[in-house]
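Undergrad: My structure file protein_3.pdb, PDB, C-alpha atoms, is below:
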```
ATOM      1  CA  MET U 256      11.554  11.064  15.515  1.00  0.00           C
ATOM      2  CA  THR U 257      14.624  11.456  13.324  1.00  0.00           C
ATOM      3  CA  ASP U 258      15.190   9.483  10.135  1.00  0.00           C
ATOM      4  CA  ASN U 259      17.860   7.417  11.909  1.00  0.00           C
ATOM      5  CA  GLU U 260      15.482   6.559  14.759  1.00  0.00           C
ATOM      6  CA  SER U 261      12.796   5.638  12.251  1.00  0.00           C
ATOM      7  CA  GLU U 262      15.195   3.415  10.311  1.00  0.00           C
ATOM      8  CA  ALA U 263      16.394   1.761  13.509  1.00  0.00           C
ATOM      9  CA  ARG U 264      12.811   1.047  14.606  1.00  0.00           C
ATOM     10  CA  GLU U 265      11.979  -0.420  11.222  1.00  0.00           C
ATOM     11  CA  MET U 266      15.025  -2.679  11.381  1.00  0.00           C
ATOM     12  CA  ASN U 267      13.856  -3.905  14.799  1.00  0.00           C
ATOM     13  CA  ALA U 268      10.313  -4.633  13.644  1.00  0.00           C
ATOM     14  CA  ALA U 269       8.575  -7.898  14.406  1.00  0.00           C
ATOM     15  CA  VAL U 270       7.138  -9.480  11.270  1.00  0.00           C
ATOM     16  CA  SER U 271       4.067 -11.669  11.575  1.00  0.00           C
ATOM     17  CA  ASP U 272       2.956 -14.294   9.061  1.00  0.00           C
ATOM     18  CA  SER U 273       0.728 -11.670   7.448  1.00  0.00           C
ATOM     19  CA  GLY U 274       3.657  -9.371   6.717  1.00  0.00           C
ATOM     20  CA  ALA U 275       2.496  -6.685   9.158  1.00  0.00           C
ATOM     21  CA  THR U 276       5.098  -5.087  11.371  1.00  0.00           C
ATOM     22  CA  ALA U 277       5.173  -3.075  14.553  1.00  0.00           C
ATOM     23  CA  PRO U 278       8.174  -1.802  16.512  1.00  0.00           C
ATOM     24  CA  VAL U 279       9.421  -4.006  19.362  1.00  0.00           C
ATOM     25  CA  ALA U 280      12.039  -3.663  22.063  1.00  0.00           C
ATOM     26  CA  SER U 281      15.599  -4.453  21.086  1.00  0.00           C
ATOM     27  CA  ASP U 282      18.674  -5.345  23.106  1.00  0.00           C
ATOM     28  CA  ASN U 283      19.715  -1.691  23.150  1.00  0.00           C
ATOM     29  CA  GLY U 284      16.553  -0.699  25.078  1.00  0.00           C
ATOM     30  CA  GLN U 285      14.720   0.833  22.140  1.00  0.00           C
ATOM     31  CA  LYS U 286      11.091   1.779  22.868  1.00  0.00           C
ATOM     32  CA  THR U 287       8.341  -0.742  22.185  1.00  0.00           C
ATOM     33  CA  SER U 288       5.228   0.107  20.200  1.00  0.00           C
ATOM     34  CA  ALA U 289       2.806   2.513  21.823  1.00  0.00           C
ATOM     35  CA  LEU U 290      -0.069   0.517  20.361  1.00  0.00           C
ATOM     36  CA  PRO U 291      -1.334  -2.522  22.277  1.00  0.00           C
ATOM     37  CA  GLU U 292      -0.625  -5.855  20.609  1.00  0.00           C
ATOM     38  CA  ALA U 293      -4.360  -6.574  20.329  1.00  0.00           C
ATOM     39  CA  GLU U 294      -4.905  -3.269  18.496  1.00  0.00           C
ATOM     40  CA  ILE U 295      -2.085  -4.012  16.068  1.00  0.00           C
ATOM     41  CA  ALA U 296      -3.588  -7.465  15.437  1.00  0.00           C
ATOM     42  CA  ARG U 297      -7.058  -5.983  14.850  1.00  0.00           C
ATOM     43  CA  MET U 298      -5.730  -3.310  12.524  1.00  0.00           C
ATOM     44  CA  THR U 299      -3.648  -5.860  10.635  1.00  0.00           C
ATOM     45  CA  ASP U 300      -6.637  -8.170  10.143  1.00  0.00           C
ATOM     46  CA  ASP U 301      -8.828  -5.262   9.025  1.00  0.00           C
ATOM     47  CA  ILE U 302      -6.138  -3.946   6.652  1.00  0.00           C
ATOM     48  CA  ILE U 303      -5.751  -7.384   5.078  1.00  0.00           C
ATOM     49  CA  ALA U 304      -9.535  -7.627   4.697  1.00  0.00           C
ATOM     50  CA  ALA U 305      -9.524  -4.211   2.998  1.00  0.00           C
ATOM     51  CA  LEU U 306      -6.677  -5.263   0.693  1.00  0.00           C
ATOM     52  CA  LYS U 307      -8.680  -8.333  -0.317  1.00  0.00           C
ATOM     53  CA  THR U 308     -11.255  -5.979  -1.866  1.00  0.00           C
ATOM     54  CA  VAL U 309      -8.676  -4.677  -4.366  1.00  0.00           C
ATOM     55  CA  TYR U 310      -8.393  -6.588  -7.626  1.00  0.00           C
ATOM     56  CA  ASP U 311      -6.085  -6.269 -10.591  1.00  0.00           C
ATOM     57  CA  PRO U 312      -8.588  -5.480 -13.366  1.00  0.00           C
ATOM     58  CA  GLU U 313      -7.077  -8.159 -15.610  1.00  0.00           C
ATOM     59  CA  ILE U 314      -6.864 -10.959 -13.012  1.00  0.00           C
ATOM     60  CA  PRO U 315      -9.896 -12.370 -11.135  1.00  0.00           C
ATOM     61  CA  ALA U 316      -8.025 -12.672  -7.812  1.00  0.00           C
ATOM     62  CA  ASP U 317      -7.401 -10.033  -5.172  1.00  0.00           C
ATOM     63  CA  ILE U 318      -3.964  -8.460  -4.838  1.00  0.00           C
ATOM     64  CA  TYR U 319      -3.351  -9.929  -1.372  1.00  0.00           C
ATOM     65  CA  GLU U 320      -3.941 -13.513  -2.538  1.00  0.00           C
ATOM     66  CA  LEU U 321      -1.863 -12.817  -5.652  1.00  0.00           C
ATOM     67  CA  GLY U 322       1.064 -12.077  -3.347  1.00  0.00           C
ATOM     68  CA  LEU U 323       1.476  -8.463  -4.452  1.00  0.00           C
ATOM     69  CA  ILE U 324       1.583  -7.159  -0.851  1.00  0.00           C
ATOM     70  CA  TYR U 325       5.075  -7.525   0.583  1.00  0.00           C
ATOM     71  CA  LYS U 326       4.861  -5.562   3.831  1.00  0.00           C
ATOM     72  CA  ILE U 327       2.378  -3.702   6.020  1.00  0.00           C
ATOM     73  CA  ASP U 328       3.967  -1.404   8.598  1.00  0.00           C
ATOM     74  CA  ILE U 329       1.810   0.156  11.314  1.00  0.00           C
ATOM     75  CA  ALA U 330       3.549   3.033  13.114  1.00  0.00           C
ATOM     76  CA  ASP U 331       2.885   4.247  16.654  1.00  0.00           C
ATOM     77  CA  ASN U 332       0.922   7.194  15.250  1.00  0.00           C
ATOM     78  CA  ARG U 333      -1.249   4.718  13.279  1.00  0.00           C
ATOM     79  CA  ALA U 334       0.272   5.700   9.946  1.00  0.00           C
ATOM     80  CA  VAL U 335       0.393   2.700   7.644  1.00  0.00           C
ATOM     81  CA  ALA U 336       3.029   2.029   5.005  1.00  0.00           C
ATOM     82  CA  VAL U 337       2.350  -0.711   2.471  1.00  0.00           C
ATOM     83  CA  ASP U 338       5.096  -2.142   0.286  1.00  0.00           C
ATOM     84  CA  MET U 339       3.625  -3.793  -2.770  1.00  0.00           C
ATOM     85  CA  THR U 340       4.719  -4.888  -6.180  1.00  0.00           C
ATOM     86  CA  LEU U 341       3.040  -5.470  -9.518  1.00  0.00           C
ATOM     87  CA  THR U 342       3.043  -8.584 -11.650  1.00  0.00           C
ATOM     88  CA  THR U 343       5.228  -6.776 -14.184  1.00  0.00           C
ATOM     89  CA  PRO U 344       6.793  -3.303 -14.488  1.00  0.00           C
ATOM     90  CA  ASN U 345       4.607  -2.810 -17.577  1.00  0.00           C
ATOM     91  CA  CYS U 346       1.398  -3.639 -15.707  1.00  0.00           C
ATOM     92  CA  PRO U 347      -1.480  -1.684 -17.289  1.00  0.00           C
ATOM     93  CA  ALA U 348      -2.926  -1.086 -13.800  1.00  0.00           C
ATOM     94  CA  ALA U 349       0.311   0.432 -12.451  1.00  0.00           C
ATOM     95  CA  GLN U 350      -1.283   3.842 -11.980  1.00  0.00           C
ATOM     96  CA  GLU U 351      -4.560   2.751 -10.400  1.00  0.00           C
ATOM     97  CA  LEU U 352      -3.608  -0.163  -8.122  1.00  0.00           C
ATOM     98  CA  PRO U 353      -1.520   1.867  -5.622  1.00  0.00           C
ATOM     99  CA  VAL U 354      -4.326   4.439  -5.385  1.00  0.00           C
ATOM    100  CA  ASN U 355      -6.876   1.651  -4.871  1.00  0.00           C
ATOM    101  CA  VAL U 356      -4.678   0.159  -2.126  1.00  0.00           C
ATOM    102  CA  GLU U 357      -4.314   3.533  -0.413  1.00  0.00           C
ATOM    103  CA  ASN U 358      -8.065   4.116  -0.563  1.00  0.00           C
ATOM    104  CA  ALA U 359      -8.885   0.630   0.764  1.00  0.00           C
ATOM    105  CA  VAL U 360      -6.454   0.834   3.692  1.00  0.00           C
ATOM    106  CA  SER U 361      -7.683   4.350   4.523  1.00  0.00           C
ATOM    107  CA  THR U 362     -11.170   2.960   5.197  1.00  0.00           C
ATOM    108  CA  VAL U 363      -9.947   0.854   8.142  1.00  0.00           C
ATOM    109  CA  ALA U 364     -10.959   2.231  11.540  1.00  0.00           C
ATOM    110  CA  GLY U 365      -8.038   3.710  13.440  1.00  0.00           C
ATOM    111  CA  VAL U 366      -5.693   4.022  10.456  1.00  0.00           C
ATOM    112  CA  GLY U 367      -3.919   7.352  10.056  1.00  0.00           C
ATOM    113  CA  GLU U 368      -1.955   8.469   7.006  1.00  0.00           C
ATOM    114  CA  VAL U 369      -1.443   5.749   4.384  1.00  0.00           C
ATOM    115  CA  LYS U 370       1.567   5.517   2.101  1.00  0.00           C
ATOM    116  CA  VAL U 371       1.910   2.907  -0.645  1.00  0.00           C
ATOM    117  CA  ASN U 372       5.365   2.101  -1.973  1.00  0.00           C
ATOM    118  CA  ILE U 373       5.893   0.149  -5.184  1.00  0.00           C
ATOM    119  CA  VAL U 374       8.907  -2.135  -4.843  1.00  0.00           C
ATOM    120  CA  TRP U 375      10.521  -4.401  -7.417  1.00  0.00           C
ATOM    121  CA  ASP U 376      12.809  -6.438  -5.188  1.00  0.00           C
ATOM    122  CA  PRO U 377      12.167  -9.259  -4.925  1.00  0.00           C
ATOM    123  CA  PRO U 378      10.434  -9.510  -8.273  1.00  0.00           C
ATOM    124  CA  TRP U 379       6.956 -11.006  -8.223  1.00  0.00           C
ATOM    125  CA  ASP U 380       6.447 -14.510  -9.591  1.00  0.00           C
ATOM    126  CA  ALA U 381       3.596 -17.001  -9.497  1.00  0.00           C
ATOM    127  CA  SER U 382       5.076 -18.812  -6.475  1.00  0.00           C
ATOM    128  CA  ARG U 383       3.910 -15.873  -4.328  1.00  0.00           C
ATOM    129  CA  MET U 384       0.230 -16.644  -4.992  1.00  0.00           C
ATOM    130  CA  SER U 385      -1.874 -18.307  -2.314  1.00  0.00           C
ATOM    131  CA  ASP U 386      -3.673 -21.579  -2.932  1.00  0.00           C
ATOM    132  CA  GLU U 387      -6.887 -19.549  -3.152  1.00  0.00           C
ATOM    133  CA  ALA U 388      -5.487 -17.460  -6.021  1.00  0.00           C
ATOM    134  CA  ARG U 389      -4.127 -20.554  -7.764  1.00  0.00           C
ATOM    135  CA  SER U 390      -7.553 -22.161  -7.537  1.00  0.00           C
ATOM    136  CA  VAL U 391      -9.330 -19.084  -8.935  1.00  0.00           C
ATOM    137  CA  LEU U 392      -6.827 -18.886 -11.784  1.00  0.00           C
ATOM    138  CA  ASN U 393      -6.731 -22.670 -12.307  1.00  0.00           C
ATOM    139  CA  MET U 394      -2.947 -22.671 -11.940  1.00  0.00           C
ATOM    140  CA  TRP U 395      -2.267 -26.071 -10.350  1.00  0.00           C
TER     141      TRP U 395
END
```
For this file, write the structure as structure tokens.
TA:
Amino acid sequence: MTDNESEAREMNAAVSDSGATAPVASDNGQKTSALPEAEIARMTDDIIAALKTVYDPEIPADIYELGLIYKIDIADNRAVAVDMTLTTPNCPAAQELPVNVENAVSTVAGVGEVKVNIVWDPPWDASRMSDEARSVLNMW
């Protein structure tokens, strides 16, 4: 697949509430995902469960509940791309968290190559935290 085809497929991705994406058909007849919808759902659930095992060493809440995961993209070849951010560009865990995310996602059955991208737009803020994270951090 060329870079243009890849970009076009990403732009035509269906985003679920969890932030996971998979290619879907578009009006121009673009190919749908080769993976069955049930398999994408299973992988997404398992990837999220794996991400919930990764904690920022300074914060007693997992990175998924903190809202640090912006996007999970599962490709037809089962490669997974994760877009994540950090609480601050000066985060002391900036070197280890992406590696921990890559390692956690790699443990999920059926996942191929894993790539973690650090993104800064939109910037993270406390409004991205789940109620679970707010409760753990007593931030009501």
Undergrad: For Ser390 of chain U, which residue among U:Pro353, U:Gly365, U:Pro315, U:Pro378 is the nearest when counting all atoms listed in the file?
TA: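 Once distances to Ser390 of chain U are computed over all atoms listed in the file, the minimum belongs to U:Pro315.
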Undergrad: Could you expand the PyMOL selection byres ((chain U and resi 317-327) around 8) into the explicit residues it covers here, written as a PyMOL selection string?
TA: chain U and resi 274-276+299+303+306-311+314-316+328-329+335-342+379+381+383-385+387-388
Undergrad: Of the residues U:Met394, U:Asp380, U:Ile373, U:Glu294, which is the one nearest to Glu351 of chain U, using all atoms listed in the file?
TA: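 Ranked by minimum distance to Glu351 of chain U, first place goes to U:Ile373.
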Undergrad: Using atom CA of Asn372 of chain U and atom CA of Pro291 of chain U as the two end points, give the distance in Å to one decimal.
TA: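 These atoms are spaced 25.6 Å apart.
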Undergrad: Using only C-alpha atoms, which of the listed residues (U:Asp300, U:Ala289, U:Lys370, U:Asp376) sits closest to Val356 of chain U?
TA: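 Using only C-alpha atoms, the shortest distance to Val356 of chain U belongs to U:Lys370.
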Undergrad: Can you work out which one of U:Arg333, U:Ile302, U:Thr343, U:Ala296 has the shortest atom-to-atom distance to Asn358 of chain U, counting all atoms listed in the file?
TA: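 Using all atoms listed in the file, Asn358 of chain U sits closest to U:Ile302.
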